[in-house]
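Enquirer: So here's start_8.cif (mmCIF, C-alpha atoms).
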```
data_start
loop_
_atom_site.label_atom_id
_atom_site.label_comp_id
_atom_site.auth_asym_id
_atom_site.auth_seq_id
_atom_site.Cartn_x
_atom_site.Cartn_y
_atom_site.Cartn_z
CA MET R 251 -5.73 10.82 -7.97
CA GLN R 252 -9.26 9.48 -8.43
CA LEU R 253 -10.34 8.97 -12.02
CA GLY R 254 -12.72 11.67 -13.17
CA SER R 255 -11.93 14.06 -10.32
CA THR R 256 -9.80 17.17 -9.93
CA ILE R 257 -6.69 17.57 -7.80
CA GLU R 258 -8.68 19.74 -5.39
CA ASP R 259 -11.41 17.06 -5.10
CA THR R 260 -8.89 14.43 -4.05
CA PHE R 261 -6.14 16.22 -2.11
CA VAL R 262 -5.83 19.05 0.40
CA VAL R 263 -3.83 21.54 -1.65
CA ARG R 264 -0.96 23.16 0.29
CA SER R 265 -0.51 26.92 0.53
CA GLY R 266 1.44 29.48 2.56
CA ASN R 267 4.76 31.29 2.44
CA ALA R 268 6.77 28.12 3.18
CA TRP R 269 5.55 26.48 -0.03
CA LYS R 270 6.63 27.12 -3.61
CA SER R 271 4.20 25.96 -6.25
CA ARG R 272 3.97 25.79 -10.02
CA GLU R 273 1.37 24.65 -12.49
CA ASP R 274 2.09 22.80 -15.74
CA LYS R 275 -0.43 22.02 -18.47
CA LYS R 276 0.20 19.93 -21.57
CA ASP R 277 -2.70 18.67 -23.64
CA ASP R 278 -4.98 16.88 -21.16
CA ASP R 279 -2.32 16.65 -18.43
CA HIS R 280 -2.58 19.08 -15.51
CA THR R 281 0.22 19.01 -12.94
CA LEU R 282 0.56 21.00 -9.74
CA THR R 283 3.98 20.86 -8.04
CA PHE R 284 4.54 21.97 -4.45
CA GLU R 285 8.01 22.31 -2.92
CA ARG R 286 9.24 23.00 0.58
CA MET R 287 12.78 22.91 1.96
CA LEU R 288 13.50 20.92 5.11
CA ALA R 289 16.71 21.13 7.13
CA ALA R 290 18.15 18.00 8.72
CA GLY R 291 16.18 17.31 11.89
CA ASP R 292 13.01 19.00 10.66
CA SER R 293 9.72 17.16 10.31
CA LEU R 294 6.58 17.90 8.37
CA ASN R 295 3.08 16.65 9.10
CA GLY R 296 0.22 16.45 6.63
CA ASP R 297 1.87 17.85 3.51
CA LEU R 298 0.07 14.99 1.75
CA SER R 299 -3.58 14.65 2.79
CA VAL R 300 -6.00 12.55 0.76
CA LYS R 301 -9.63 13.48 1.25
CA GLY R 302 -12.15 10.95 2.48
CA GLU R 303 -15.93 10.78 2.36
CA GLY R 304 -17.68 13.69 4.06
CA GLU R 305 -16.85 17.34 4.56
CA GLY R 306 -13.48 17.87 6.20
CA LYS R 307 -12.69 14.14 6.51
CA LEU R 308 -9.36 12.65 5.47
CA LYS R 309 -8.48 9.05 4.65
CA LEU R 310 -4.69 9.35 4.45
CA VAL R 311 -2.15 11.71 6.00
CA ASN R 312 1.64 11.65 6.17
CA GLU R 313 4.63 12.62 8.27
CA VAL R 314 8.07 13.33 6.79
CA ARG R 315 11.40 13.58 8.59
CA VAL R 316 14.95 14.10 7.33
CA THR R 317 17.81 13.36 9.74
CA ARG R 318 21.56 12.96 9.72
CA ALA R 319 22.58 9.31 9.63
CA GLY R 320 26.35 9.87 9.72
CA PRO R 321 29.03 12.42 8.88
CA ARG R 322 28.00 12.55 5.21
CA ARG R 323 24.74 10.62 5.29
CA PHE R 324 21.13 11.74 5.42
CA ALA R 325 18.05 9.62 6.09
CA TYR R 326 14.61 10.26 4.66
CA ARG R 327 11.61 8.69 6.42
CA GLU R 328 7.98 9.19 5.43
CA THR R 329 5.14 7.55 7.33
CA LEU R 330 1.65 7.20 5.88
CA HIS R 331 -1.22 7.04 8.40
CA TRP R 332 -4.69 5.76 7.48
CA ARG R 333 -7.63 7.86 8.73
CA GLY R 334 -10.51 6.34 6.74
CA ASP R 335 -12.64 3.25 7.14
CA PRO R 336 -10.87 -0.03 6.37
CA PRO R 337 -11.42 -1.41 2.85
CA ASP R 338 -13.98 -4.16 2.42
CA MET R 339 -11.32 -6.86 2.02
CA ALA R 340 -10.04 -6.18 5.57
CA ALA R 341 -13.27 -7.49 7.13
CA VAL R 342 -13.31 -11.16 8.12
CA LYS R 343 -16.73 -12.50 7.18
CA PRO R 344 -18.46 -15.64 8.58
CA GLU R 345 -18.28 -17.30 5.15
CA ASN R 346 -14.50 -16.75 5.13
CA ILE R 347 -14.19 -18.53 8.48
CA ALA R 348 -16.24 -21.47 7.21
CA GLN R 349 -14.16 -21.78 4.03
CA ILE R 350 -10.86 -21.65 5.93
CA LYS R 351 -12.05 -24.27 8.42
CA ALA R 352 -13.05 -26.53 5.52
CA ALA R 353 -9.54 -26.25 4.07
CA LEU R 354 -7.68 -26.95 7.32
CA PRO R 355 -6.90 -30.44 8.65
CA GLN R 356 -9.68 -31.56 11.00
CA ALA R 357 -7.50 -31.35 14.12
CA LEU R 358 -6.74 -27.66 13.41
CA ALA R 359 -10.13 -26.63 12.02
CA THR R 360 -11.34 -24.39 14.85
CA ASP R 361 -13.01 -20.98 14.69
CA ALA R 362 -10.06 -19.43 16.53
CA ASN R 363 -7.49 -20.88 14.13
CA ALA R 364 -9.54 -19.88 11.08
CA ARG R 365 -10.00 -16.28 12.28
CA ALA R 366 -6.33 -15.91 13.22
CA LEU R 367 -5.25 -17.24 9.82
CA ALA R 368 -7.69 -14.93 8.01
CA GLU R 369 -6.37 -11.88 9.85
CA LYS R 370 -2.74 -12.88 9.30
CA ALA R 371 -3.28 -13.55 5.60
CA THR R 372 -5.13 -10.27 5.09
CA ALA R 373 -2.31 -8.31 6.73
CA LEU R 374 0.14 -9.95 4.31
CA ILE R 375 -2.01 -9.61 1.21
CA VAL R 376 -3.04 -5.93 1.59
CA PRO R 377 0.46 -4.65 0.65
CA LEU R 378 0.51 -7.10 -2.26
CA ILE R 379 -2.69 -5.63 -3.70
CA PHE R 380 -2.19 -1.95 -2.83
CA GLY R 381 1.61 -1.56 -2.70
CA PRO R 382 4.21 -0.23 -2.13
CA GLY R 383 6.08 -1.95 -4.93
CA ASP R 384 4.14 -3.02 -8.01
CA PRO R 385 0.52 -3.03 -6.78
CA LEU R 386 -1.40 -5.90 -8.31
CA LEU R 387 -4.46 -3.66 -8.34
CA ALA R 388 -2.81 -1.42 -10.94
CA MET R 389 -1.78 -4.40 -13.04
CA GLY R 390 -5.32 -5.74 -12.87
CA LEU R 391 -6.65 -2.64 -14.59
CA ILE R 392 -4.34 -3.14 -17.58
CA HIS R 393 -3.76 -6.89 -17.89
CA PRO R 394 -6.28 -8.83 -15.73
CA ASP R 395 -5.08 -12.28 -16.77
CA LEU R 396 -1.45 -11.51 -15.91
CA ALA R 397 -2.55 -9.95 -12.62
CA GLU R 398 -4.54 -13.08 -11.75
CA ARG R 399 -1.53 -15.29 -12.49
CA ARG R 400 0.80 -13.08 -10.44
CA ALA R 401 -1.71 -12.87 -7.60
CA GLY R 402 -2.03 -16.66 -7.39
CA GLN R 403 1.74 -17.00 -7.35
CA ARG R 404 2.37 -14.33 -4.73
CA ILE R 405 -0.63 -15.04 -2.52
CA GLY R 406 0.32 -18.72 -2.50
CA SER R 407 3.77 -17.86 -1.18
CA LEU R 408 2.28 -15.57 1.48
CA LEU R 409 -0.21 -18.21 2.57
CA LEU R 410 2.58 -20.76 3.00
CA THR R 411 4.38 -18.25 5.23
CA ALA R 412 1.21 -17.55 7.24
CA LEU R 413 0.52 -21.25 7.74
CA GLN R 414 4.12 -21.89 8.83
CA GLU R 415 4.01 -19.01 11.32
CA GLN R 416 0.68 -20.05 12.80
CA PHE R 417 0.94 -23.81 12.94
CA GLY R 418 4.66 -24.62 12.81
CA ASP R 419 5.35 -28.35 13.04
CA ARG R 420 1.67 -29.15 13.58
CA MET R 421 1.28 -28.95 9.79
CA GLN R 422 3.69 -30.66 7.42
CA PRO R 423 4.96 -28.94 4.21
CA ALA R 424 2.73 -31.05 1.94
CA GLU R 425 -0.30 -30.18 4.09
CA ARG R 426 0.57 -26.47 3.94
CA ARG R 427 0.73 -26.57 0.14
CA GLU R 428 -2.60 -28.38 -0.08
CA VAL R 429 -4.30 -25.96 2.32
CA ALA R 430 -2.88 -22.98 0.42
CA ARG R 431 -4.23 -24.35 -2.87
CA LYS R 432 -7.67 -24.88 -1.35
CA LEU R 433 -7.73 -21.39 0.18
CA ILE R 434 -6.76 -19.68 -3.08
CA SER R 435 -9.44 -21.63 -4.94
CA ALA R 436 -12.26 -21.18 -2.42
CA THR R 437 -11.53 -18.09 -0.35
CA PHE R 438 -9.07 -15.61 -1.81
CA SER R 439 -9.95 -14.01 -5.12
CA THR R 440 -6.78 -13.91 -7.21
CA LYS R 441 -8.08 -11.43 -9.79
CA PRO R 442 -7.46 -7.97 -8.28
CA SER R 443 -10.39 -5.58 -8.60
CA PRO R 444 -11.01 -2.00 -7.48
CA PRO R 445 -11.86 -1.81 -3.74
CA GLU R 446 -15.25 -0.70 -2.53
CA SER R 447 -13.96 2.26 -0.54
CA GLY R 448 -15.41 5.57 0.56
CA GLY R 449 -14.63 8.89 -0.98
CA ALA R 450 -15.61 8.02 -4.55
CA SER R 451 -17.49 10.62 -6.53
CA SER R 452 -20.63 9.75 -8.46
CA SER R 453 -18.53 9.59 -11.65
CA ASN R 454 -15.97 7.27 -10.11
CA LYS R 455 -17.39 4.39 -8.13
CA SER R 456 -14.01 2.73 -7.63
CA GLY R 457 -12.52 5.45 -5.44
CA LEU R 458 -9.06 4.75 -6.87
CA THR R 459 -6.30 7.20 -5.96
CA PRO R 460 -2.96 5.98 -7.33
CA LEU R 461 0.00 7.61 -5.58
CA MET R 462 3.68 7.89 -6.54
CA PHE R 463 6.29 9.10 -4.05
CA ILE R 464 9.60 10.21 -5.56
CA VAL R 465 12.67 11.36 -3.63
CA LYS R 466 15.59 13.03 -5.37
CA THR R 467 18.69 12.57 -3.23
CA PRO R 468 21.75 14.85 -3.19
CA GLY R 469 24.12 11.88 -3.22
CA ARG R 470 24.33 8.12 -3.74
CA VAL R 471 21.49 6.01 -2.35
CA VAL R 472 23.05 3.46 0.02
CA SER R 473 19.84 1.86 1.31
CA SER R 474 16.10 2.10 0.73
CA ASN R 475 12.90 0.08 0.84
CA GLY R 476 11.81 1.69 -2.44
CA GLU R 477 12.84 1.31 -6.07
CA VAL R 478 16.16 3.02 -6.86
CA ASP R 479 16.74 4.57 -10.28
CA GLU R 480 20.53 4.47 -10.67
CA LEU R 481 20.45 6.80 -13.68
CA THR R 482 18.53 9.67 -12.08
CA GLY R 483 19.48 9.05 -8.45
CA GLU R 484 15.80 9.01 -7.51
CA VAL R 485 13.93 6.60 -5.26
CA TYR R 486 10.23 5.94 -5.84
CA TRP R 487 7.30 4.07 -4.33
CA ALA R 488 3.99 3.29 -6.08
CA LEU R 489 0.91 2.52 -4.02
CA PHE R 490 -2.74 3.19 -3.30
CA PRO R 491 -3.84 4.86 -0.02
CA GLU R 492 -5.42 1.59 1.18
CA ALA R 493 -1.88 0.18 1.53
CA ALA R 494 -1.84 1.90 4.95
CA SER R 495 -5.29 0.66 6.00
CA MET R 496 -3.98 -2.25 8.12
CA LYS R 497 -0.86 -0.58 9.48
CA ASP R 498 1.29 2.47 8.78
CA VAL R 499 3.37 2.39 5.60
CA VAL R 500 6.93 3.64 6.13
CA LEU R 501 9.09 4.80 3.21
CA THR R 502 12.83 5.04 3.88
CA ALA R 503 15.98 6.03 2.01
CA VAL R 504 19.53 6.82 3.12
CA CYS R 505 21.90 8.76 0.88
CA GLU R 506 25.62 9.49 1.15
CA LEU R 507 27.16 12.71 -0.12
CA PRO R 508 30.22 12.45 -2.41
#
```
Mind converting the file's structure to structure tokens?

Expert:
Amino acid sequence: MQLGSTIEDTFVVRSGNAWKSREDKKDDDHTLTFERMLAAGDSLNGDLSVKGEGEGKLKLVNEVRVTRAGPRRFAYRETLHWRGDPPDMAAVKPENIAQIKAALPQALATDANARALAEKATALIVPLIFGPGDPLLAMGLIHPDLAERRAGQRIGSLLLTALQEQFGDRMQPAERREVARKLISATFSTKPSPPESGGASSSNKSGLTPLMFIVKTPGRVVSSNGEVDELTGEVYWALFPEAASMKDVVLTAVCELP
């Protein structure tokens, strides 16, 4: 949740007969746990709701569904929907267009190509910064130099993919590498920093709300797009709400009963 805020400031706290809750306190840690049982085929909307800026406004909501995927298999699917304003990095600014055009070969340096590349690269980079996975934003708060190195490495790979998808054979591999290097140097900041997003309290200008989704399965995990802990049988995803700002984030796991 946001630094310097309470659980109630950041989330819509669930209540009602269908929910079981407990509260745990240890030193400065304060944990509220909410549980609800779902039968196969049931769905649940909005059990996680992250508050946005303004009374009654939300910036992230979810939808959960558990279904049968076979005789002894069950599938978990959780979809995160963004309801807030897009983060600042999602906006394509005129100076970005000019910098991208300057990096492209002259024959390809058009406004249309530059804008398309900026939008494609942003869509690829948002998950890199905000998760799921190992969000570079979190690493940047602890070890900025390592985060900058990792960002340059990963963004470079994503830019090569974006250039290949957009221009194909019109740009040779050596040209793609050179353009990617120029873009990282001139356009894309490789040192992750907290986003300028809404919903931050006066004591927390960053508006950071780190989230961790953990699923405990009743059997062996046979497939997932999350991180699987073989020892505990859990699957987890780490991210910030802004991960869903460009498109829905979908978390999936399939387990097989013994």

Enquirer: Can you give me, as a compact mmCIF listing (two decimals) with C-alpha atoms, in the frame of the given file, the residues this file yields under the PyMOL selection byres ((chain R and resi 286) around 7)?

Expert:
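expr37.txt, written as the output of this step:
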```txt
# COMPACT_ATOMS: atom_id res chain seq x y z
CA ALA R 268 6.77 28.12 3.18
CA TRP R 269 5.55 26.48 -0.03
CA LYS R 270 6.63 27.12 -3.61
CA PHE R 284 4.54 21.97 -4.45
CA GLU R 285 8.01 22.31 -2.92
CA MET R 287 12.78 22.91 1.96
CA LEU R 288 13.50 20.92 5.11
```

Enquirer: Please, which residues are within 8 Å of (-11.8, 3.1, 8.5) by the file's coordinates, counting only C-alpha atoms, and could they come as a list in words?

Expert: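 Here the neighbourhood of the point contains Lys309, Trp332, Arg333, Gly334, Asp335, Pro336, Pro337 and Ser495 of chain R.
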
Enquirer: Rank R:Glu369, R:Glu425, R:Ala348, R:Pro491 by their smallest atom-to-atom distance to Val311 of chain R, using all atoms listed in the file, and report the top residue only.

Expert: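 Nearest candidate to Val311 of chain R out of R:Glu369, R:Glu425, R:Ala348, R:Pro491: R:Pro491.
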
Enquirer: Give me, as a list in words, all polymer residues having an atom no more than 12 Å from Pro321 of chain R, counting all atoms listed in the file and skipping those fewer than 6 positions away in the same chain.

Expert: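 My reading of the contact set: Cys505, Glu506, Leu507 and Pro508 of chain R.
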
Enquirer: Quick check, in Å to one decimal: how far apart do atom CA of Asn363 of chain R and atom CA of Leu433 of chain R lie?

Expert: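 Distance reported for this atom pair: 14.0 Å.
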
Enquirer: Taking the file as shown, what set of residues would the PyMOL selection byres ((chain R and resi 355) around 12) give back, as number ranges by chain?

Expert: R: 350-354, 356-360, 363-364, 413, 417, 420-422, 424-426, 428-430, 432

Enquirer: Hey, what comes out of the PyMOL selection byres ((chain R and resi 490) around 12) on this file? Could you write it as a PyMOL selection string?

Expert: chain R and resi 251-252+300+309-310+330+332+337+376-388+444-445+447+457-463+487-489+491-495+499

Enquirer: Mind giving me the straight-line distance from atom CA of Ala371 of chain R to atom CA of Glu415 of chain R in Å, one decimal?

Expert: 10.8 Å

Enquirer: Between atom CA of Leu308 of chain R and atom CA of Arg327 of chain R, what distance in Å does the model show, to one decimal?

Expert: 21.4 Å

Enquirer: Would you kindly return, as a PyMOL selection string, each protein, DNA or RNA residue with an atom no farther than 7 Å from any atom of Thr502 of chain R, considering all atoms listed in the file and excluding same-chain residues fewer than 3 positions away?

Expert: chain R and resi 326-328+474-475

Enquirer: Convert the current residue selection to file output with C-alpha atoms, as a PDB file, in the frame of the given file.

Expert:
```pdb
ATOM      1  CA  TYR R 326      14.610  10.260   4.660  1.00  0.00           C
ATOM      2  CA  ARG R 327      11.610   8.690   6.420  1.00  0.00           C
ATOM      3  CA  GLU R 328       7.980   9.190   5.430  1.00  0.00           C
ATOM      4  CA  SER R 474      16.100   2.100   0.730  1.00  0.00           C
ATOM      5  CA  ASN R 475      12.900   0.080   0.840  1.00  0.00           C
TER       6      ASN R 475
END
```

Enquirer: Determine, for each residue of segment 298-409 of chain R having at least one atom at most 8 Å from an atom of segment 260-263 of chain R, the closest pair of atoms and their separation in Å to one decimal, counting all atoms listed in the file; order by chain and ascending number, as a Markdown table.

Expert:
```
| residue | atom | partner | partner_atom | distance |
| --- | --- | --- | --- | --- |
| R:Leu298 | CA | R:Val262 | CA | 7.3 |
| R:Ser299 | CA | R:Val262 | CA | 5.5 |
| R:Val300 | CA | R:Phe261 | CA | 4.7 |
| R:Lys301 | CA | R:Thr260 | CA | 5.4 |
```

Enquirer: Check the smallest atom-to-atom distance from each of R:Ile464, R:Asp259, R:His393, R:Leu367 to Glu303 of chain R using all atoms listed in the file, then report the winner.

Expert: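 Nearest to Glu303 of chain R: R:Asp259.
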